[in-house]
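Undergrad: Before we start, here is the structure in question, set down as structure tokens.
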Amino acid sequence: MTGRTAVTIYRAPPADALLVAPLDEFTAVFHHASGITHLLTEPAPQILHALGEEGMTLDALLATLSVEYDLADGDREALAARLDELVVSGLVAAA
């Protein structure tokens with residue numbers, strides 16, 4: 001047996017599965033599949049945008065967000081917590 005550890009890939013739904021509307025400090029995201037509208041604050045909308053359908057690992061996402069955005073939650077543990085919230089909400093898939 002090898003000592004391999006599974007790497008989680010996080011994916012956002014297809015762009016046409018979400019209706020996104022910025023509302024001041026919130027972003028409303030209507031998820032067509034569930035029929036639920038989510039009110040998100042930073043960095044959740046940026047996470048969804050960066051992930052795309054192709055998906056990324058936690059570390060790749062952190063690197064991408066660090067380059068593209070100035071995030072208040074700029075550490076690995078905080079990003080993992082945000083991803084967990086998005087997975088529970090159904091807006092992000094983890095595999």
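Every chain in the structure tokens takes a letter, A first, then B, and so on in the order presented; its residues are numbered from 1, and the ligands are numbered from 1 following the presented order.
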Would you please extract all helix (DSSP H, G or I) residues from range 14-50 of chain A, as assigned by DSSP on the backbone, and give them as a PyMOL selection string?
TA: chain A and resi 15-17+44-50
Undergrad: Next, the residues of the selection above should be written as a PDB file, in the first residue's frame with C-alpha atoms.
TA:
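out.pdb, written as the output of this step:
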```pdb
ATOM      1  CA  ALA A  15     -22.022  29.545 -15.527  1.00  0.00           C
ATOM      2  CA  ASP A  16     -25.513  29.079 -16.956  1.00  0.00           C
ATOM      3  CA  ALA A  17     -26.606  27.300 -13.754  1.00  0.00           C
ATOM      4  CA  ALA A  44     -17.452  33.663  -1.836  1.00  0.00           C
ATOM      5  CA  PRO A  45     -18.329  35.284  -5.208  1.00  0.00           C
ATOM      6  CA  GLN A  46     -14.625  35.499  -6.068  1.00  0.00           C
ATOM      7  CA  ILE A  47     -14.180  31.829  -5.160  1.00  0.00           C
ATOM      8  CA  LEU A  48     -17.030  30.792  -7.473  1.00  0.00           C
ATOM      9  CA  HIS A  49     -15.606  32.915 -10.276  1.00  0.00           C
ATOM     10  CA  ALA A  50     -12.075  31.577  -9.879  1.00  0.00           C
TER      11      ALA A  50
END
```
Undergrad: Smallest atom-to-atom distance to Val92 in chain A: which of A:Leu39, A:Leu51, A:Asp75, A:Thr8, using only C-alpha atoms?
TA: A:Leu51
Undergrad: Nearest residue to Leu18 in chain A out of A:Leu65, A:Ala60, A:Leu91, A:Ala6, using only C-alpha atoms?
TA: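 Distance minimum relative to Leu18 in chain A lands on A:Leu91.
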Undergrad: Considering only C-alpha atoms, return as an MDAnalysis selection string whatever protein or nucleic-acid residues lie within 8 Å of Arg76 in chain A, sequence-local ones (same chain, fewer than 2 positions apart) excluded.
TA: chainID A and resid 58:59 62 74 78:80
Undergrad: Go through A:Ala21, A:Leu61, A:Val7, A:Val88 one by one, measure the shortest atom-to-atom distance of each to Pro43 in chain A using only C-alpha atoms, and give the residue with the smallest value.
TA: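 Checking each of A:Ala21, A:Leu61, A:Val7, A:Val88 against Pro43 in chain A, counting only C-alpha atoms, the winner is A:Leu61.
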Undergrad: To one decimal place in Å, what is the distance between CA of Ser34 in chain A and CA of Ser89 in chain A?
TA: 9.9 Å
Undergrad: One decimal, in Å: what's the spacing between CA of Glu77 in chain A and CA of Ala12 in chain A?
TA: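 Pair CA of Glu77 in chain A / CA of Ala12 in chain A returns 19.5 Å.
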Undergrad: Can you tell me how far CA of Ala81 in chain A sits from CA of Pro13 in chain A, in Å to one decimal?
TA: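 For CA of Ala81 in chain A relative to CA of Pro13 in chain A, the distance reads 18.9 Å.
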Undergrad: Pull the strand (DSSP E) assignments for chain A out of DSSP run on the backbone, and list those residues as a PyMOL selection string.
TA: chain A and resi 10-11+18-23+26-31+36-40+93-94
Undergrad: Go through A:Leu83, A:Glu54, A:Gly90, A:Val67 one by one, measure the shortest atom-to-atom distance of each to His31 in chain A using only C-alpha atoms, and give the residue with the smallest value.
TA: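 Going through A:Leu83, A:Glu54, A:Gly90, A:Val67 one by one, the smallest distance to His31 in chain A is for A:Gly90.
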